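This is upload_8.txt (compact mmCIF, C-alpha atoms and all ligand atoms).
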# COMPACT_ATOMS: atom_id res chain seq x y z
CA MET U 1 -46.86 19.26 -4.45
CA ASN U 2 -49.57 21.72 -3.69
CA ARG U 3 -51.85 21.81 -6.69
CA GLN U 4 -54.17 24.29 -5.02
CA THR U 5 -51.78 27.18 -5.49
CA ARG U 6 -49.22 26.19 -8.14
CA LYS U 7 -48.63 23.97 -11.14
CA THR U 8 -46.70 20.73 -11.08
CA VAL U 9 -43.93 20.62 -13.69
CA ILE U 10 -41.85 17.66 -14.85
CA ALA U 11 -38.96 18.74 -17.07
CA GLY U 12 -36.30 16.68 -18.75
CA ASN U 13 -32.81 18.12 -19.07
CA TRP U 14 -31.22 16.14 -21.87
CA LYS U 15 -27.86 17.91 -21.45
CA MET U 16 -25.45 17.12 -24.33
CA ASN U 17 -27.30 14.02 -25.46
CA LYS U 18 -29.21 13.09 -28.63
CA THR U 19 -28.68 14.17 -32.22
CA PRO U 20 -31.65 15.76 -34.00
CA ALA U 21 -32.77 12.40 -35.42
CA GLU U 22 -32.49 10.81 -31.98
CA ALA U 23 -34.36 13.76 -30.48
CA LYS U 24 -37.28 13.13 -32.80
CA GLY U 25 -37.27 9.50 -31.73
CA LEU U 26 -37.30 10.35 -28.04
CA ILE U 27 -40.02 13.00 -28.32
CA ASP U 28 -42.14 10.54 -30.33
CA ALA U 29 -41.56 7.88 -27.68
CA ILE U 30 -42.55 10.26 -24.87
CA LYS U 31 -45.68 11.21 -26.81
CA ALA U 32 -46.57 7.54 -27.20
CA GLU U 33 -46.08 6.96 -23.45
CA ILE U 34 -48.41 9.79 -22.47
CA SER U 35 -51.00 9.41 -25.20
CA GLY U 36 -54.47 8.81 -23.83
CA LYS U 37 -53.46 10.08 -20.40
CA ASP U 38 -55.00 13.16 -18.91
CA THR U 39 -51.84 15.16 -18.31
CA GLY U 40 -53.74 18.33 -17.43
CA LEU U 41 -52.45 18.30 -13.87
CA CYS U 42 -48.80 18.32 -14.88
CA GLU U 43 -46.82 20.41 -17.33
CA ILE U 44 -44.29 18.36 -19.30
CA ILE U 45 -41.16 19.92 -20.76
CA ALA U 46 -38.15 18.57 -22.65
CA CYS U 47 -35.05 20.79 -22.58
CA VAL U 48 -32.91 19.72 -25.49
CA PRO U 49 -29.59 20.74 -27.10
CA PHE U 50 -29.72 23.84 -29.33
CA VAL U 51 -29.41 21.94 -32.62
CA ASP U 52 -32.29 19.64 -31.63
CA LEU U 53 -34.71 22.45 -30.82
CA GLN U 54 -36.33 22.90 -34.19
CA THR U 55 -36.85 19.16 -34.67
CA ALA U 56 -38.16 18.81 -31.12
CA VAL U 57 -40.61 21.70 -31.48
CA GLU U 58 -41.92 20.12 -34.70
CA ALA U 59 -42.14 16.64 -33.17
CA ALA U 60 -43.93 17.89 -30.06
CA LYS U 61 -46.59 19.88 -31.95
CA GLY U 62 -50.12 18.99 -30.95
CA SER U 63 -48.96 17.11 -27.85
CA ALA U 64 -48.65 18.05 -24.18
CA VAL U 65 -44.86 18.21 -24.43
CA LYS U 66 -43.34 21.68 -24.36
CA ILE U 67 -39.82 22.37 -25.54
CA GLY U 68 -37.07 24.21 -23.71
CA ALA U 69 -33.45 25.18 -24.35
CA GLN U 70 -30.64 24.70 -21.84
CA ASN U 71 -29.10 28.16 -21.94
CA VAL U 72 -29.53 31.59 -23.53
CA HIS U 73 -27.33 34.65 -23.91
CA TRP U 74 -28.18 37.93 -22.19
CA ALA U 75 -27.60 40.19 -25.19
CA SER U 76 -30.24 40.53 -27.88
CA SER U 77 -27.65 40.26 -30.67
CA GLY U 78 -24.05 41.11 -31.43
CA ALA U 79 -20.46 39.88 -31.37
CA PHE U 80 -20.87 36.84 -29.13
CA THR U 81 -19.48 33.98 -31.18
CA GLY U 82 -21.17 30.68 -30.46
CA GLU U 83 -24.04 32.14 -28.46
CA ILE U 84 -27.81 32.05 -28.95
CA SER U 85 -30.26 34.87 -28.15
CA ALA U 86 -33.67 34.68 -26.55
CA ALA U 87 -35.34 36.05 -29.70
CA MET U 88 -33.79 33.23 -31.75
CA LEU U 89 -35.26 30.65 -29.39
CA LYS U 90 -38.62 32.35 -29.25
CA GLU U 91 -38.93 32.57 -33.03
CA ILE U 92 -38.58 28.82 -33.51
CA GLY U 93 -41.27 28.02 -30.94
CA VAL U 94 -39.22 27.35 -27.82
CA GLU U 95 -41.20 28.07 -24.65
CA TYR U 96 -38.75 27.46 -21.81
CA VAL U 97 -35.08 27.86 -21.03
CA ILE U 98 -32.98 26.43 -18.22
CA ILE U 99 -30.73 29.10 -16.72
CA GLY U 100 -27.97 28.74 -14.14
CA HIS U 101 -27.62 24.98 -14.23
CA SER U 102 -24.77 23.91 -11.96
CA GLU U 103 -22.86 22.46 -14.92
CA ARG U 104 -22.90 25.92 -16.51
CA ARG U 105 -21.76 27.43 -13.21
CA GLN U 106 -19.06 24.76 -12.74
CA TYR U 107 -17.62 24.39 -16.25
CA PHE U 108 -18.53 27.59 -18.09
CA GLY U 109 -17.91 30.38 -15.61
CA GLU U 110 -21.56 31.16 -14.95
CA THR U 111 -22.04 33.49 -11.99
CA ASP U 112 -25.15 34.76 -10.24
CA ILE U 113 -24.65 38.06 -12.07
CA THR U 114 -24.62 36.44 -15.53
CA VAL U 115 -27.50 34.19 -14.51
CA ASN U 116 -29.49 37.27 -13.56
CA SER U 117 -28.73 38.93 -16.92
CA ARG U 118 -29.84 35.82 -18.78
CA VAL U 119 -33.06 35.53 -16.74
CA LYS U 120 -33.94 39.14 -17.57
CA ALA U 121 -33.24 38.68 -21.29
CA ALA U 122 -35.27 35.48 -21.45
CA LEU U 123 -38.30 36.99 -19.73
CA GLU U 124 -38.17 40.13 -21.83
CA SER U 125 -38.37 37.98 -24.96
CA GLY U 126 -41.34 36.04 -23.64
CA LEU U 127 -39.54 32.83 -22.69
CA LYS U 128 -40.31 31.08 -19.42
CA VAL U 129 -37.37 30.26 -17.19
CA ILE U 130 -36.31 27.25 -15.17
CA LEU U 131 -33.82 28.82 -12.79
CA CYS U 132 -31.42 26.37 -11.10
CA VAL U 133 -29.95 26.87 -7.65
CA GLY U 134 -28.24 24.46 -5.28
CA GLU U 135 -25.34 23.90 -2.94
CA LEU U 136 -22.05 22.03 -3.36
CA LEU U 137 -21.28 19.06 -1.12
CA ALA U 138 -18.74 21.11 0.87
CA GLU U 139 -21.34 23.81 1.42
CA ARG U 140 -23.88 21.31 2.74
CA GLU U 141 -21.24 19.77 4.99
CA GLN U 142 -20.36 23.21 6.36
CA GLY U 143 -24.02 23.88 7.11
CA VAL U 144 -24.35 26.83 4.70
CA THR U 145 -26.94 25.36 2.30
CA ALA U 146 -29.56 27.92 3.30
CA GLU U 147 -27.10 30.80 2.86
CA VAL U 148 -26.03 29.55 -0.55
CA VAL U 149 -29.49 29.04 -2.04
CA SER U 150 -30.67 32.28 -0.47
CA ARG U 151 -27.82 34.24 -2.08
CA GLN U 152 -28.37 32.55 -5.44
CA THR U 153 -32.13 33.09 -5.38
CA LYS U 154 -31.83 36.75 -4.38
CA ILE U 155 -29.14 37.69 -6.91
CA ASP U 156 -30.47 35.55 -9.77
CA LEU U 157 -33.86 37.25 -9.39
CA LEU U 158 -32.55 40.78 -8.92
CA GLY U 159 -34.86 43.24 -10.70
CA ILE U 160 -37.41 40.55 -11.58
CA THR U 161 -40.85 41.93 -10.83
CA GLU U 162 -43.71 40.27 -9.02
CA ALA U 163 -45.61 40.07 -12.33
CA GLN U 164 -42.67 38.35 -14.05
CA MET U 165 -42.50 35.67 -11.38
CA LYS U 166 -45.39 33.82 -13.05
CA ASP U 167 -42.92 32.87 -15.79
CA ILE U 168 -40.27 31.56 -13.40
CA ILE U 169 -39.86 28.02 -12.15
CA ILE U 170 -37.11 27.40 -9.63
CA ALA U 171 -35.25 24.10 -9.65
CA TYR U 172 -33.48 23.19 -6.44
CA GLU U 173 -30.61 20.97 -7.51
CA PRO U 174 -28.06 20.02 -4.85
CA VAL U 175 -24.86 19.73 -6.88
CA TRP U 176 -23.76 16.61 -5.00
CA ALA U 177 -26.90 14.80 -6.19
CA ILE U 178 -26.60 15.58 -9.90
CA GLY U 179 -25.66 12.61 -12.04
CA THR U 180 -24.20 10.87 -9.00
CA GLY U 181 -27.03 8.49 -8.21
CA LYS U 182 -27.13 10.16 -4.77
CA THR U 183 -30.57 11.63 -4.29
CA ALA U 184 -31.43 14.07 -1.56
CA THR U 185 -33.88 12.45 0.81
CA SER U 186 -37.42 13.66 0.33
CA ASP U 187 -37.14 15.50 3.66
CA GLN U 188 -33.93 17.24 2.56
CA ALA U 189 -35.53 18.22 -0.75
CA ASP U 190 -38.67 19.47 0.99
CA GLU U 191 -36.67 21.42 3.55
CA VAL U 192 -34.59 23.34 1.00
CA CYS U 193 -37.49 23.87 -1.44
CA GLY U 194 -39.42 25.23 1.55
CA PHE U 195 -36.52 27.44 2.45
CA ILE U 196 -36.39 28.83 -1.10
CA ARG U 197 -40.12 29.53 -0.81
CA ASP U 198 -39.41 31.49 2.40
CA VAL U 199 -36.86 33.55 0.46
CA LEU U 200 -39.57 34.24 -2.15
CA VAL U 201 -41.93 35.32 0.64
CA SER U 202 -39.32 37.85 1.75
CA LEU U 203 -38.83 39.11 -1.82
CA TYR U 204 -42.37 39.02 -3.23
CA GLY U 205 -44.80 38.19 -0.44
CA LYS U 206 -46.75 35.07 0.37
CA ASN U 207 -49.05 34.92 -2.66
CA VAL U 208 -46.22 34.89 -5.20
CA ALA U 209 -44.21 32.44 -3.10
CA GLU U 210 -47.16 30.04 -2.84
CA ALA U 211 -47.81 30.30 -6.57
CA THR U 212 -44.23 29.57 -7.65
CA THR U 213 -43.34 26.08 -8.80
CA ILE U 214 -40.19 24.79 -7.10
CA GLN U 215 -38.81 21.58 -8.56
CA TYR U 216 -36.28 19.17 -7.15
CA GLY U 217 -33.49 17.89 -9.39
CA GLY U 218 -30.63 15.48 -8.77
CA SER U 219 -30.87 11.79 -9.61
CA MET U 220 -34.66 11.85 -9.59
CA ASN U 221 -35.79 8.63 -11.25
CA ALA U 222 -38.69 6.26 -11.78
CA LYS U 223 -38.14 4.69 -8.36
CA ASN U 224 -37.82 7.73 -6.12
CA ALA U 225 -40.04 10.28 -7.90
CA ALA U 226 -43.29 9.48 -6.09
CA GLU U 227 -41.69 9.85 -2.68
CA LEU U 228 -39.99 13.15 -3.56
CA LEU U 229 -43.16 14.53 -5.15
CA SER U 230 -45.23 13.59 -2.11
CA LYS U 231 -43.65 16.51 -0.27
CA ILE U 232 -45.64 19.72 -0.07
CA ASN U 233 -42.80 21.99 -1.26
CA VAL U 234 -41.59 19.77 -4.11
CA ASP U 235 -43.68 20.82 -7.11
CA GLY U 236 -42.03 18.74 -9.76
CA GLY U 237 -38.69 17.58 -11.04
CA LEU U 238 -35.84 18.57 -13.32
CA ILE U 239 -34.60 15.25 -14.54
CA GLY U 240 -31.34 14.51 -16.31
CA GLY U 241 -30.38 10.87 -16.83
CA ALA U 242 -33.86 9.41 -16.36
CA SER U 243 -35.36 11.81 -18.91
CA LEU U 244 -33.42 10.10 -21.70
CA LYS U 245 -35.54 6.96 -21.42
CA ALA U 246 -39.16 7.54 -22.41
CA ASP U 247 -40.51 4.78 -20.17
CA ASP U 248 -38.68 6.05 -17.06
CA PHE U 249 -39.70 9.64 -17.82
CA ALA U 250 -43.31 8.46 -18.19
CA VAL U 251 -43.23 6.80 -14.77
CA ILE U 252 -42.08 10.10 -13.26
CA ILE U 253 -44.89 11.96 -15.08
CA GLU U 254 -47.33 9.38 -13.77
CA ALA U 255 -46.06 9.97 -10.23
CA ALA U 256 -46.68 13.68 -10.71
CA LEU U 257 -50.23 13.03 -11.92
CA ASN U 258 -51.17 10.94 -8.90
P1 LIG U 301 -29.66 13.97 -13.06
O1 LIG U 301 -29.50 15.48 -13.56
O2 LIG U 301 -31.11 13.68 -12.97
O3 LIG U 301 -28.95 13.15 -14.11
O4 LIG U 301 -28.99 13.89 -11.72
C1 LIG U 301 -30.39 16.47 -13.12
C2 LIG U 301 -29.98 17.80 -13.68
O5 LIG U 301 -28.77 18.07 -13.78
O6 LIG U 301 -30.83 18.63 -14.04

Target encoding structure tokens, full file:
Amino acid sequence: MNRQTRKTVIAGNWKMNKTPAEAKGLIDAIKAEISGKDTGLCEIIACVPFVDLQTAVEAAKGSAVKIGAQNVHWASSGAFTGEISAAMLKEIGVEYVIIGHSERRQYFGETDITVNSRVKAALESGLKVILCVGELLAEREQGVTAEVVSRQTKIDLLGITEAQMKDIIIAYEPVWAIGTGKTATSDQADEVCGFIRDVLVSLYGKNVAEATTIQYGGSMNAKNAAELLSKINVDGGLIGGASLKADDFAVIIEAALN
């Protein structure tokens, strides 16, 4: 983390977990965990399933917890059965949206081109974006991690202006570490987050690159969070499994506050 130039952000990615009633329970539990703590140094976000959003926004009101969605369509409206627009999210009080998560890329045909369209639509509607990039195991083994995250970062951000970058968080999520219990070492996480920052320097210059929050995601948990967050280029976490337990999530927030 480098609090001098950028904010620290801990975000939960609930994936396809929790009904609306359960979502209220979990948001309430997270609020109870952080109540009385000065969370000013760390932004806290819960990215919940679409049908939980309204309940979560309501439950989080007046607390430090911000609510995000896990995807958004690129069109503003129209014949896209089953999809949700940025304006719909914005109107119900959603602040963030995850775009380009590897599960969307892997199972739902997401490409860097569609990711880029979604990022543009989200920003234009006033949502903030958590943009996910990361390499597959085979890509790491072939030594092309830097090429992969560089390509993703450049195409996903195509046409995004320097001014818009203040509403972008990048999450580096090595695909081999997601939901596998295999965490990147803190040095690996720092190296690739640093590399992504170098790509941002080439695209937007040093000031924007230094001001951009770059999270690590992939089996981050209550035990390994402090070590990962101790690295200068790791500005937070995007947390799946461990974000579903309020006490574990609170330990990770605590690590980010220290
Ligand atoms: P995980 O998921 O923490 O369960 O590995 C992270 C993510 O996919 O964002």

Quick one: everything within 9 Å of range 121-126 of chain U, counting all atoms listed in the file, minus sequence neighbours fewer than 4 positions away in the same chain. Send it as a PyMOL selection string. chain U and resi 72-76+85-87+90+95-97+116-117+160+164+167-168

Closest atom pairs, chain U residues within 8 Å of ligand LIG 301 (chain U), all atoms listed in the file, as CSV:
residue,atom,partner,partner_atom,distance
U:Gly12,CA,U:LIG301,O6,7.5
U:Asn13,CA,U:LIG301,O6,5.4
U:Lys15,CA,U:LIG301,O5,7.7
U:His101,CA,U:LIG301,O5,7.0
U:Ser102,CA,U:LIG301,O5,7.3
U:Glu103,CA,U:LIG301,O5,7.4
U:Glu173,CA,U:LIG301,O6,6.9
U:Ala177,CA,U:LIG301,O4,6.0
U:Ile178,CA,U:LIG301,O4,3.4
U:Gly179,CA,U:LIG301,O4,3.6
U:Thr180,CA,U:LIG301,O4,6.3
U:Gly181,CA,U:LIG301,O4,6.7
U:Thr183,CA,U:LIG301,O4,7.9
U:Gly217,CA,U:LIG301,C1,5.1
U:Gly218,CA,U:LIG301,O4,3.7
U:Ser219,CA,U:LIG301,O4,3.5
U:Met220,CA,U:LIG301,O2,5.2
U:Asn221,CA,U:LIG301,O2,7.1
U:Leu238,CA,U:LIG301,O6,5.1
U:Ile239,CA,U:LIG301,O2,4.1
U:Gly240,CA,U:LIG301,O1,3.4
U:Gly241,CA,U:LIG301,O3,3.8
U:Ala242,CA,U:LIG301,O2,6.1
U:Ser243,CA,U:LIG301,O2,7.5

Kindly export the residues of the current selection with C-alpha atoms, as a compact mmCIF listing (two decimals), in the frame of the given file.
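Output below, filename result-v9.txt:
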# COMPACT_ATOMS: atom_id res chain seq x y z
CA GLY U 12 -36.30 16.68 -18.75
CA ASN U 13 -32.81 18.12 -19.07
CA LYS U 15 -27.86 17.91 -21.45
CA HIS U 101 -27.62 24.98 -14.23
CA SER U 102 -24.77 23.91 -11.96
CA GLU U 103 -22.86 22.46 -14.92
CA GLU U 173 -30.61 20.97 -7.51
CA ALA U 177 -26.90 14.80 -6.19
CA ILE U 178 -26.60 15.58 -9.90
CA GLY U 179 -25.66 12.61 -12.04
CA THR U 180 -24.20 10.87 -9.00
CA GLY U 181 -27.03 8.49 -8.21
CA THR U 183 -30.57 11.63 -4.29
CA GLY U 217 -33.49 17.89 -9.39
CA GLY U 218 -30.63 15.48 -8.77
CA SER U 219 -30.87 11.79 -9.61
CA MET U 220 -34.66 11.85 -9.59
CA ASN U 221 -35.79 8.63 -11.25
CA LEU U 238 -35.84 18.57 -13.32
CA ILE U 239 -34.60 15.25 -14.54
CA GLY U 240 -31.34 14.51 -16.31
CA GLY U 241 -30.38 10.87 -16.83
CA ALA U 242 -33.86 9.41 -16.36
CA SER U 243 -35.36 11.81 -18.91

**OP:** Write out as an MDAnalysis selection string which residues come within 8 Å of Ile169 in chain U when counting only C-alpha atoms, dropping same-chain ones fewer than 6 positions away.
**Re:** chainID U and resid 128:131 212:215

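Interatomic distance, CA of Val251 in chain U against CA of Leu229 in chain U: 12.3 Å.
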
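Within a radius of 12 Å around (-30.3, 16.0, -34.6), the polymer residues are U:Met16, U:Asn17, U:Lys18, U:Thr19, U:Pro20, U:Ala21, U:Glu22, U:Ala23, U:Lys24, U:Gly25, U:Leu26, U:Ile27, U:Val48, U:Pro49, U:Phe50, U:Val51, U:Asp52, U:Leu53, U:Gln54, U:Thr55, U:Ala56, U:Ala59, counting all atoms listed in the file.
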
Separating CA of Lys182 in chain U from CA of Lys231 in chain U, to the nearest tenth of an Å, is a gap of 18.3 Å

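Rounded to one decimal, CA of Asn224 in chain U and CA of Ala60 in chain U lie 26.7 Å from each other.
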
inquiry  = Please list, as a count of residues only, the residues that have an atom at most 9 Å away from (-42.0, 9.5, -13.7) in the coordinates of this file, counting all atoms listed in the file.
reply    = 20

Taking all atoms of range 218-233 of chain U that appear in the file, build a box with edges along x, y and z, extend it by 4 Å on every side, and state its centre and edge lengths in Å to one decimal, as AutoDock Vina command-line options.
--center_x -38.1 --center_y 13.3 --center_z -5.9 --size_x 23.0 --size_y 25.3 --size_z 19.7

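Take the candidates U:Gly194, U:Arg105, U:Lys120, U:Thr185 and check each one against Gln152 in chain U using only C-alpha atoms; the shortest distance goes to U:Arg105.
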
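Neighbouring residues of Ile45 in chain U at 7 Å or closer, counting all atoms listed in the file and skipping chain neighbours under 5 positions away, are U:Ile10, U:Ala11, U:Gly12, U:Val65, U:Lys66, U:Ile67, U:Gly68.
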
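The closest residue to Asn233 in chain U, picked from U:Asn71, U:Thr114, U:Asn207, U:Thr5 and counting all atoms listed in the file, is U:Thr5.
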
Nearest to Glu147 in chain U, restricted to only C-alpha atoms and choosing among U:Ile196, U:Val119, U:Leu203, U:Leu228, comes out as U:Ile196

So that I can check the surroundings of Lys154 in chain U, please list as number ranges by chain every protein, DNA and RNA residue that reaches within 8 Å of it, counting all atoms listed in the file and ignoring chain neighbours fewer than 3 positions away. U: 150-151, 157-158, 199, 203

Those residues you just picked out, can you put them in a file as a JSON list (two decimals), keeping the file's coordinate frame with C-alpha atoms?
[["chain", "number", "residue", "atom", "x", "y", "z"],
["U", 150, "SER", "CA", -30.67, 32.28, -0.47],
["U", 151, "ARG", "CA", -27.82, 34.24, -2.08],
["U", 157, "LEU", "CA", -33.86, 37.25, -9.39],
["U", 158, "LEU", "CA", -32.55, 40.78, -8.92],
["U", 199, "VAL", "CA", -36.86, 33.55, 0.46],
["U", 203, "LEU", "CA", -38.83, 39.11, -1.82]]
